[in-house]
>>> print(open('entry-v6.tsv').read())   # TSV, C-alpha atoms and all ligand atoms
chain	number	residue	atom	x	y	z
A	219	MET	CA	-5.00	-7.80	-25.20
A	220	THR	CA	-5.30	-7.84	-21.43
A	221	ALA	CA	-2.39	-6.14	-19.75
A	222	THR	CA	0.13	-7.63	-17.36
A	223	LEU	CA	-0.23	-5.94	-13.98
A	224	ILE	CA	2.94	-4.25	-12.77
A	225	ASP	CA	3.05	-5.12	-9.07
A	226	GLY	CA	4.64	-2.03	-7.49
A	227	LYS	CA	4.09	-3.39	-4.01
A	228	ALA	CA	6.16	-6.52	-4.71
A	229	ILE	CA	8.87	-4.66	-6.64
A	230	ALA	CA	9.15	-2.06	-3.84
A	231	GLU	CA	9.45	-4.84	-1.27
A	232	GLN	CA	12.26	-6.41	-3.24
A	233	LEU	CA	14.02	-3.04	-3.50
A	234	ARG	CA	13.68	-2.47	0.26
A	235	GLY	CA	15.21	-5.92	0.84
A	236	GLY	CA	18.24	-4.91	-1.24
A	237	ILE	CA	18.48	-1.62	0.64
A	238	ALA	CA	18.43	-3.40	4.02
A	239	GLN	CA	21.29	-5.64	2.82
A	240	ALA	CA	23.26	-2.62	1.61
A	241	VAL	CA	22.74	-0.84	4.95
A	242	LYS	CA	24.09	-3.88	6.84
A	243	GLY	CA	27.12	-3.88	4.55
A	244	LEU	CA	27.81	-0.18	5.19
A	245	GLU	CA	27.66	-0.67	8.95
A	246	ARG	CA	29.84	-3.80	8.79
A	247	ASP	CA	32.46	-2.50	6.34
A	248	HIS	CA	32.45	1.24	6.98
A	249	GLY	CA	31.02	1.65	10.49
A	250	PHE	CA	28.11	3.99	9.80
A	251	VAL	CA	24.33	3.78	9.56
A	252	PRO	CA	22.64	6.26	7.15
A	253	GLY	CA	20.31	8.79	8.81
A	254	LEU	CA	17.27	10.44	7.21
A	255	ALA	CA	15.75	13.62	8.68
A	256	VAL	CA	12.11	14.30	7.79
A	257	VAL	CA	10.64	17.70	8.56
A	258	LEU	CA	6.87	18.13	8.80
A	259	VAL	CA	5.33	21.57	9.28
A	260	GLY	CA	1.69	21.71	10.36
A	261	ASP	CA	-0.87	18.92	10.58
A	262	ASN	CA	-2.00	18.13	7.03
A	263	PRO	CA	-3.50	14.63	7.52
A	264	ALA	CA	-2.16	13.19	4.23
A	265	SER	CA	1.34	14.50	5.04
A	266	GLN	CA	1.18	12.95	8.51
A	267	VAL	CA	0.37	9.56	6.95
A	268	TYR	CA	3.29	9.86	4.47
A	269	VAL	CA	5.75	10.94	7.14
A	270	ARG	CA	4.75	8.07	9.42
A	271	SER	CA	5.26	5.55	6.58
A	272	LYS	CA	8.62	7.07	5.68
A	273	ALA	CA	9.84	6.84	9.29
A	274	LYS	CA	8.61	3.25	9.67
A	275	GLN	CA	10.19	2.01	6.45
A	276	THR	CA	13.46	3.86	7.17
A	277	VAL	CA	13.80	2.01	10.48
A	278	GLU	CA	12.73	-1.32	8.91
A	279	ALA	CA	15.57	-0.92	6.40
A	280	GLY	CA	18.00	-0.60	9.32
A	281	MET	CA	18.58	3.15	8.98
A	282	ARG	CA	18.12	6.00	11.46
A	283	SER	CA	14.98	8.13	11.19
A	284	ILE	CA	14.97	11.61	12.71
A	285	GLU	CA	11.63	13.43	12.70
A	286	HIS	CA	11.10	17.15	13.24
A	287	LYS	CA	7.45	18.10	13.69
A	288	LEU	CA	6.87	21.85	13.71
A	289	ALA	CA	3.72	23.90	14.32
A	290	GLU	CA	1.71	25.26	11.36
A	291	THR	CA	2.62	28.78	12.54
A	292	THR	CA	6.39	28.15	12.50
A	293	PRO	CA	8.13	31.24	11.03
A	294	GLU	CA	10.02	30.73	7.77
A	295	ALA	CA	13.23	31.85	9.51
A	296	ASP	CA	12.93	29.03	12.06
A	297	LEU	CA	12.50	26.42	9.33
A	298	LEU	CA	15.49	27.86	7.44
A	299	ALA	CA	17.56	27.66	10.64
A	300	LEU	CA	16.57	24.00	11.13
A	301	VAL	CA	17.48	23.09	7.53
A	302	LYS	CA	20.87	24.81	7.91
A	303	ALA	CA	21.51	22.93	11.17
A	304	LEU	CA	20.67	19.62	9.45
A	305	ASN	CA	22.97	20.56	6.54
A	306	THR	CA	25.95	20.80	8.91
A	307	ASP	CA	25.00	17.86	11.17
A	308	PRO	CA	27.46	15.06	10.26
A	309	THR	CA	25.01	12.34	11.47
A	310	ILE	CA	22.39	13.36	8.88
A	311	ASP	CA	22.72	11.98	5.33
A	312	GLY	CA	19.31	12.87	3.89
A	313	ILE	CA	16.93	15.79	4.46
A	314	LEU	CA	13.30	15.75	3.33
A	315	VAL	CA	10.99	18.69	3.98
A	316	GLN	CA	7.47	17.39	3.46
A	317	LEU	CA	5.37	19.37	0.97
A	318	PRO	CA	3.04	21.20	0.85
A	319	LEU	CA	4.33	23.82	3.27
A	320	PRO	CA	2.04	26.43	4.88
A	321	SER	CA	1.43	29.39	2.55
A	322	HIS	CA	3.47	31.88	4.66
A	323	ILE	CA	6.61	29.84	3.89
A	324	ASN	CA	8.44	30.15	0.55
A	325	ALA	CA	8.83	26.47	-0.39
A	326	ASP	CA	11.33	27.21	-3.19
A	327	LEU	CA	13.58	29.07	-0.75
A	328	ILE	CA	13.47	26.15	1.70
A	329	LEU	CA	14.23	23.56	-1.00
A	330	GLU	CA	17.12	25.65	-2.33
A	331	THR	CA	18.59	25.88	1.17
A	332	ILE	CA	18.92	22.08	1.54
A	333	ASP	CA	22.49	20.91	0.87
A	334	PRO	CA	22.26	19.28	-2.60
A	335	ALA	CA	24.38	16.38	-1.26
A	336	LYS	CA	21.62	15.64	1.30
A	337	ASP	CA	18.67	16.43	-1.00
A	338	VAL	CA	17.14	12.93	-1.10
A	339	ASP	CA	13.99	14.33	-2.79
A	340	GLY	CA	16.15	15.50	-5.71
A	341	PHE	CA	14.23	18.80	-5.81
A	342	HIS	CA	17.20	21.19	-5.45
A	343	PRO	CA	18.01	23.08	-8.70
A	344	VAL	CA	21.55	21.62	-8.59
A	345	ASN	CA	20.16	18.08	-8.67
A	346	ALA	CA	17.57	19.03	-11.32
A	347	GLY	CA	20.44	20.45	-13.40
A	348	ARG	CA	22.56	17.36	-12.89
A	349	LEU	CA	19.69	15.17	-14.10
A	350	MET	CA	19.30	17.38	-17.15
A	351	THR	CA	23.01	17.28	-17.96
A	352	GLY	CA	23.34	13.58	-17.12
A	353	THR	CA	26.05	14.26	-14.53
A	354	GLY	CA	24.84	12.20	-11.58
A	355	GLY	CA	23.12	13.71	-8.55
A	356	LEU	CA	20.04	12.63	-6.61
A	357	VAL	CA	16.93	11.87	-8.70
A	358	PRO	CA	13.33	12.61	-7.57
A	359	CYS	CA	11.80	9.48	-6.03
A	360	THR	CA	8.52	9.12	-7.96
A	361	PRO	CA	10.08	9.30	-11.45
A	362	LEU	CA	12.95	7.06	-10.32
A	363	GLY	CA	10.46	4.48	-9.02
A	364	SER	CA	8.37	4.77	-12.19
A	365	LEU	CA	11.44	4.07	-14.34
A	366	LYS	CA	12.23	0.98	-12.25
A	367	LEU	CA	8.65	-0.25	-12.88
A	368	ILE	CA	9.00	0.34	-16.64
A	369	LYS	CA	12.31	-1.52	-16.68
A	370	SER	CA	10.78	-4.44	-14.78
A	371	VAL	CA	8.72	-5.00	-17.95
A	372	ARG	CA	11.31	-4.12	-20.57
A	373	ALA	CA	15.00	-3.62	-19.88
A	374	ASP	CA	15.93	-1.81	-23.13
A	375	LEU	CA	13.81	1.26	-23.88
A	376	SER	CA	16.02	2.54	-26.69
A	377	GLY	CA	14.09	4.15	-29.54
A	378	LEU	CA	10.66	3.82	-27.94
A	379	ASP	CA	8.15	6.68	-28.08
A	380	ALA	CA	7.38	7.91	-24.55
A	381	VAL	CA	4.64	10.43	-23.73
A	382	VAL	CA	4.65	12.11	-20.31
A	383	VAL	CA	1.34	13.79	-19.47
A	384	GLY	CA	1.98	16.48	-16.83
A	385	ARG	CA	4.91	18.91	-16.54
A	386	SER	CA	5.48	19.27	-12.78
A	387	ASN	CA	8.98	19.79	-11.39
A	388	ILE	CA	8.45	16.82	-9.07
A	389	VAL	CA	7.29	14.20	-11.61
A	390	GLY	CA	6.74	15.20	-15.25
A	391	LYS	CA	9.96	17.09	-16.01
A	392	PRO	CA	12.37	14.68	-14.24
A	393	MET	CA	10.49	11.70	-15.71
A	394	ALA	CA	11.08	13.07	-19.21
A	395	GLN	CA	14.79	13.53	-18.45
A	396	LEU	CA	15.13	9.96	-17.20
A	397	LEU	CA	13.43	8.61	-20.34
A	398	ILE	CA	15.70	10.71	-22.57
A	399	GLY	CA	18.58	9.12	-20.66
A	400	GLU	CA	17.14	5.72	-21.67
A	401	ASN	CA	17.22	6.78	-25.35
A	402	CYS	CA	13.44	7.19	-25.68
A	403	THR	CA	11.90	9.79	-27.97
A	404	VAL	CA	10.01	11.85	-25.40
A	405	THR	CA	6.94	14.04	-25.82
A	406	MET	CA	5.85	16.21	-22.88
A	407	ALA	CA	2.10	16.76	-22.94
A	408	HIS	CA	0.08	19.02	-20.63
A	409	SER	CA	-3.16	20.92	-20.24
A	410	ARG	CA	-2.55	23.02	-23.39
A	411	THR	CA	-1.55	20.11	-25.64
A	412	ARG	CA	-3.65	19.93	-28.81
A	413	ASP	CA	-5.44	16.61	-29.42
A	414	LEU	CA	-4.08	14.92	-26.32
A	415	PRO	CA	-5.80	11.57	-27.13
A	416	ALA	CA	-3.92	11.37	-30.47
A	417	VAL	CA	-0.61	12.27	-28.80
A	418	CYS	CA	-1.13	9.58	-26.15
A	419	ARG	CA	-2.00	6.97	-28.81
A	420	ARG	CA	1.55	7.30	-30.20
A	421	ALA	CA	3.09	6.23	-26.90
A	422	ASP	CA	4.91	2.94	-26.42
A	423	ILE	CA	5.35	4.20	-22.85
A	424	LEU	CA	2.59	6.40	-21.43
A	425	ILE	CA	3.10	8.18	-18.09
A	426	ALA	CA	0.08	9.90	-16.56
A	427	ALA	CA	1.05	12.46	-13.91
A	428	VAL	CA	-1.62	15.14	-13.97
A	429	GLY	CA	-3.61	14.61	-10.76
A	430	ARG	CA	-6.97	14.39	-12.54
A	431	PRO	CA	-8.97	11.26	-11.73
A	432	LEU	CA	-9.50	8.86	-14.68
A	433	MET	CA	-8.53	11.52	-17.24
A	434	VAL	CA	-6.66	9.16	-19.58
A	435	LYS	CA	-9.28	7.05	-21.37
A	436	GLY	CA	-8.90	3.49	-22.56
A	437	ASP	CA	-8.92	4.43	-26.25
A	438	TRP	CA	-5.99	6.84	-25.68
A	439	VAL	CA	-3.78	3.80	-25.07
A	440	LYS	CA	-1.82	2.19	-27.91
A	441	GLU	CA	-2.17	-1.62	-28.14
A	442	GLY	CA	0.64	-3.18	-26.10
A	443	ALA	CA	1.83	0.07	-24.46
A	444	ILE	CA	3.43	0.24	-21.00
A	445	VAL	CA	1.16	2.50	-18.92
A	446	ILE	CA	2.42	4.08	-15.68
A	447	ASP	CA	-0.25	5.80	-13.60
A	448	VAL	CA	1.31	8.26	-11.15
A	449	GLY	CA	-2.03	9.77	-10.03
A	450	ILE	CA	-3.41	9.09	-6.56
A	451	ASN	CA	-6.84	10.75	-6.36
A	452	ARG	CA	-9.41	10.24	-3.61
A	453	VAL	CA	-12.94	10.28	-5.10
A	454	ASP	CA	-16.43	9.71	-3.73
A	455	ALA	CA	-17.58	6.08	-3.95
A	456	PRO	CA	-21.32	6.03	-3.22
A	457	ASP	CA	-21.40	2.39	-4.42
A	458	LEU	CA	-19.38	1.48	-1.30
A	459	GLY	CA	-21.88	3.25	0.98
A	460	PRO	CA	-22.80	6.78	1.99
A	461	GLY	CA	-19.80	9.06	2.53
A	462	LYS	CA	-17.30	6.40	1.32
A	463	THR	CA	-14.30	7.21	-0.88
A	464	ARG	CA	-11.76	5.25	-2.92
A	465	LEU	CA	-8.37	5.91	-4.51
A	466	VAL	CA	-8.18	6.09	-8.31
A	467	GLY	CA	-5.39	7.00	-10.68
A	468	ASP	CA	-5.22	9.43	-13.60
A	469	VAL	CA	-5.94	6.52	-15.99
A	470	ASP	CA	-9.27	4.77	-16.55
A	471	PHE	CA	-7.69	1.50	-15.43
A	472	GLU	CA	-10.44	-0.97	-16.41
A	473	ALA	CA	-10.62	0.35	-19.98
A	474	ALA	CA	-6.87	0.89	-20.39
A	475	ARG	CA	-5.95	-2.63	-19.26
A	476	GLN	CA	-7.87	-4.03	-22.26
A	477	ARG	CA	-5.36	-2.38	-24.61
A	478	ALA	CA	-2.11	-1.96	-22.67
A	479	GLY	CA	0.68	-4.53	-22.64
A	480	ALA	CA	1.48	-3.72	-19.00
A	481	ILE	CA	-0.09	-1.28	-16.55
A	482	THR	CA	0.32	-0.14	-12.93
A	483	PRO	CA	-2.70	-0.33	-10.62
A	484	VAL	CA	-3.70	2.41	-8.15
A	485	PRO	CA	-3.12	1.77	-5.31
A	486	GLY	CA	-0.21	-0.69	-5.41
A	487	GLY	CA	1.68	0.66	-8.42
A	488	VAL	CA	3.90	3.74	-8.30
A	489	GLY	CA	2.97	4.69	-4.69
A	490	PRO	CA	5.03	2.04	-2.86
A	491	MET	CA	8.02	2.72	-5.14
A	492	THR	CA	8.27	6.38	-4.08
A	493	ILE	CA	9.21	5.65	-0.46
A	494	ALA	CA	11.46	2.73	-1.47
A	495	CYS	CA	13.36	5.11	-3.77
A	496	LEU	CA	13.62	7.66	-0.95
A	497	LEU	CA	15.39	5.00	1.11
A	498	ALA	CA	17.61	4.16	-1.88
A	499	ASN	CA	18.49	7.85	-2.30
A	500	THR	CA	19.39	8.06	1.40
A	501	VAL	CA	21.84	5.16	1.00
A	502	THR	CA	23.24	6.75	-2.19
A	503	ALA	CA	23.68	10.15	-0.47
A	504	SER	CA	25.33	8.56	2.57
A	505	CYS	CA	27.94	6.88	0.34
A	506	LEU	CA	28.63	9.83	-1.97
A	507	ARG	CA	29.15	12.16	1.03
A	508	ARG	CA	31.88	9.81	2.28
A	509	GLY	CA	33.53	9.32	-1.10
A	510	LEU	CA	32.25	5.71	-1.35
A	511	VAL	CA	30.85	4.16	-4.52
A	512	PRO	CA	27.09	3.74	-3.83
A	513	PRO	CA	25.64	0.23	-4.13
A	514	VAL	CA	23.55	-0.56	-7.22
A	515	LEU	CA	19.96	-0.75	-5.90
A	601	LIG	N1	4.57	15.50	-0.56
A	601	LIG	C1	4.01	14.53	-1.32
A	601	LIG	N2	4.96	13.78	-1.91
A	601	LIG	C2	6.15	14.29	-1.52
A	601	LIG	C3	7.51	13.94	-1.80
A	601	LIG	O1	7.82	13.00	-2.55
A	601	LIG	N3	8.45	14.71	-1.19
A	601	LIG	C4	8.14	15.74	-0.37
A	601	LIG	N4	9.13	16.44	0.18
A	601	LIG	N5	6.90	16.10	-0.10
A	601	LIG	C5	5.90	15.36	-0.67
>>> encode(input="entry-v6.tsv", output="structure tokens")
Amino acid sequence: MTATLIDGKAIAEQLRGGIAQAVKGLERDHGFVPGLAVVLVGDNPASQVYVRSKAKQTVEAGMRSIEHKLAETTPEADLLALVKALNTDPTIDGILVQLPLPSHINADLILETIDPAKDVDGFHPVNAGRLMTGTGGLVPCTPLGSLKLIKSVRADLSGLDAVVVGRSNIVGKPMAQLLIGENCTVTMAHSRTRDLPAVCRRADILIAAVGRPLMVKGDWVKEGAIVIDVGINRVDAPDLGPGKTRLVGDVDFEAARQRAGAITPVPGGVGPMTIACLLANTVTASCLRRGLVPPVL
């Protein structure tokens, strides 16, 4: 079998189109435009690239983007004060503090200070708890985008075996909760899992979110499985020339596509969905804060 490619770029574009329509409707019918505040501390080059893309796509969707760029040496107390000011600012619907933060700042404390109603990353313990209890709330963007990609291939996931490799708070754990919500039988695998290849081979849906380049081998993939590669790893590519690099996922794509039913490429798979879901969460938060029913995106 050669797998169908899941085109995250195209699906994200479609989602952003729906978001732009929803934003127009909110302005027309309710007289407001959602606003997203993004806070960047320091000058991590990868974070700068992400923050620029977020701001650009927010504006392209017709929303307001507010950026706060702070020095690497910013005291924790100053960042806390900014988050609290954004919490009470009625023109702000979503707050995202870009991670990683400098080591002198307690990231957990900052994330727990964000108003859960404005927590468009879905990282606050209240939103994590709501996802676990199935009681609404804002859902982390990468797992939400990954689920949309899975459902673009197969709408009903009921009864399928899903294996999530990686147990981070940002991807692995919320991904497992979303799949439980879809009536999958979910296994969480990680660095201490015994016989990981055999565990992966049971998966009708295999999610790789470990951050280790090409770790999941082709023969770990069940024939016909849906494979979602969350990894974005920059590796040396001497074949492209001296000093060159390329992006690869956590899955050995060329081998896995021979067995999978459908698979996401890297780049162009999960990556574009993450920012699109951030925009969707901003629209959702803006509606819920005003007692409006959020649009289905
Ligand atoms: N750094 C890398 N990805 C993310 C993300 O999705 N949210 C935040 N806040 N920081 C990140």
>>> residues_around(input="entry-v6.tsv", residues="A:Ala255", least_positions_apart="3", cutoff="7 Å", atoms="only C-alpha atoms", output="PDB file with C-alpha atoms, in the coordinates of the input")
ATOM      1  CA  SER A 283      14.980   8.130  11.190  1.00  0.00           C
ATOM      2  CA  ILE A 284      14.970  11.610  12.710  1.00  0.00           C
ATOM      3  CA  GLU A 285      11.630  13.430  12.700  1.00  0.00           C
ATOM      4  CA  ILE A 310      22.390  13.360   8.880  1.00  0.00           C
ATOM      5  CA  GLY A 312      19.310  12.870   3.890  1.00  0.00           C
ATOM      6  CA  ILE A 313      16.930  15.790   4.460  1.00  0.00           C
ATOM      7  CA  LEU A 314      13.300  15.750   3.330  1.00  0.00           C
TER       8      LEU A 314
END
>>> axis_aligned_box(input="entry-v6.tsv", around="ligand LIG 601 (chain A)", padding_each_side="5 Å", output="AutoDock Vina command-line options")
--center_x 6.6 --center_y 14.7 --center_z -1.2 --size_x 15.1 --size_y 13.4 --size_z 12.7
>>> atom_distance(input="entry-v6.tsv", atom1="atom CA of A:Asp333", atom2="atom CA of A:Pro361")
21.0 Å
>>> atom_distance(input="entry-v6.tsv", atom1="atom CA of A:Pro490", atom2="atom CA of A:Gln316")
16.8 Å
>>> closest_residue(input="entry-v6.tsv", among="A:Ala230, A:Leu362, A:Ala295, A:Ile368", to="A:Gln275", atoms="only C-alpha atoms")
A:Ala230
>>> closest_residue(input="entry-v6.tsv", among="A:Leu496, A:Val338, A:Ala474, A:Ile332", to="A:Arg234", atoms="all atoms listed in the file")
A:Leu496
>>> atom_distance(input="entry-v6.tsv", atom1="atom CA of A:Ala373", atom2="atom CA of A:Gly436")
25.1 Å
>>> residues_near_ligand(input="entry-v6.tsv", ligand="ligand LIG 601 (chain A)", cutoff="8 Å", atoms="all atoms listed in the file", output="PDB file with C-alpha atoms, keeping the file's coordinate frame")
ATOM      1  CA  SER A 265       1.340  14.500   5.040  1.00  0.00           C
ATOM      2  CA  TYR A 268       3.290   9.860   4.470  1.00  0.00           C
ATOM      3  CA  LEU A 314      13.300  15.750   3.330  1.00  0.00           C
ATOM      4  CA  VAL A 315      10.990  18.690   3.980  1.00  0.00           C
ATOM      5  CA  GLN A 316       7.470  17.390   3.460  1.00  0.00           C
ATOM      6  CA  LEU A 317       5.370  19.370   0.970  1.00  0.00           C
ATOM      7  CA  PRO A 318       3.040  21.200   0.850  1.00  0.00           C
ATOM      8  CA  ASP A 339      13.990  14.330  -2.790  1.00  0.00           C
ATOM      9  CA  PRO A 358      13.330  12.610  -7.570  1.00  0.00           C
ATOM     10  CA  CYS A 359      11.800   9.480  -6.030  1.00  0.00           C
ATOM     11  CA  THR A 360       8.520   9.120  -7.960  1.00  0.00           C
ATOM     12  CA  ILE A 388       8.450  16.820  -9.070  1.00  0.00           C
ATOM     13  CA  THR A 492       8.270   6.380  -4.080  1.00  0.00           C
ATOM     14  CA  ILE A 493       9.210   5.650  -0.460  1.00  0.00           C
TER      15      ILE A 493
END
>>> closest_residue(input="entry-v6.tsv", among="A:Ile224, A:Ala426, A:Met281, A:Ala480", to="A:Pro252", atoms="all atoms listed in the file")
A:Met281
>>> residues_around(input="entry-v6.tsv", residues="A:Ala421", least_positions_apart="5", cutoff="10 Å", atoms="all atoms listed in the file", output="PyMOL selection string")
chain A and resi 378-382+403-405+416+438-445
>>> residues_around(input="entry-v6.tsv", residues="A:Leu465", least_positions_apart="3", cutoff="10 Å", atoms="all atoms listed in the file", output="list in words")
Pro431, Gly449, Ile450, Asn451, Arg452, Val453, Asp454, Ala455, Val484 and Pro485 of chain A
>>> closest_residue(input="entry-v6.tsv", among="A:Leu515, A:Val256, A:Met350, A:Ile323", to="A:Leu304", atoms="all atoms listed in the file")
A:Val256
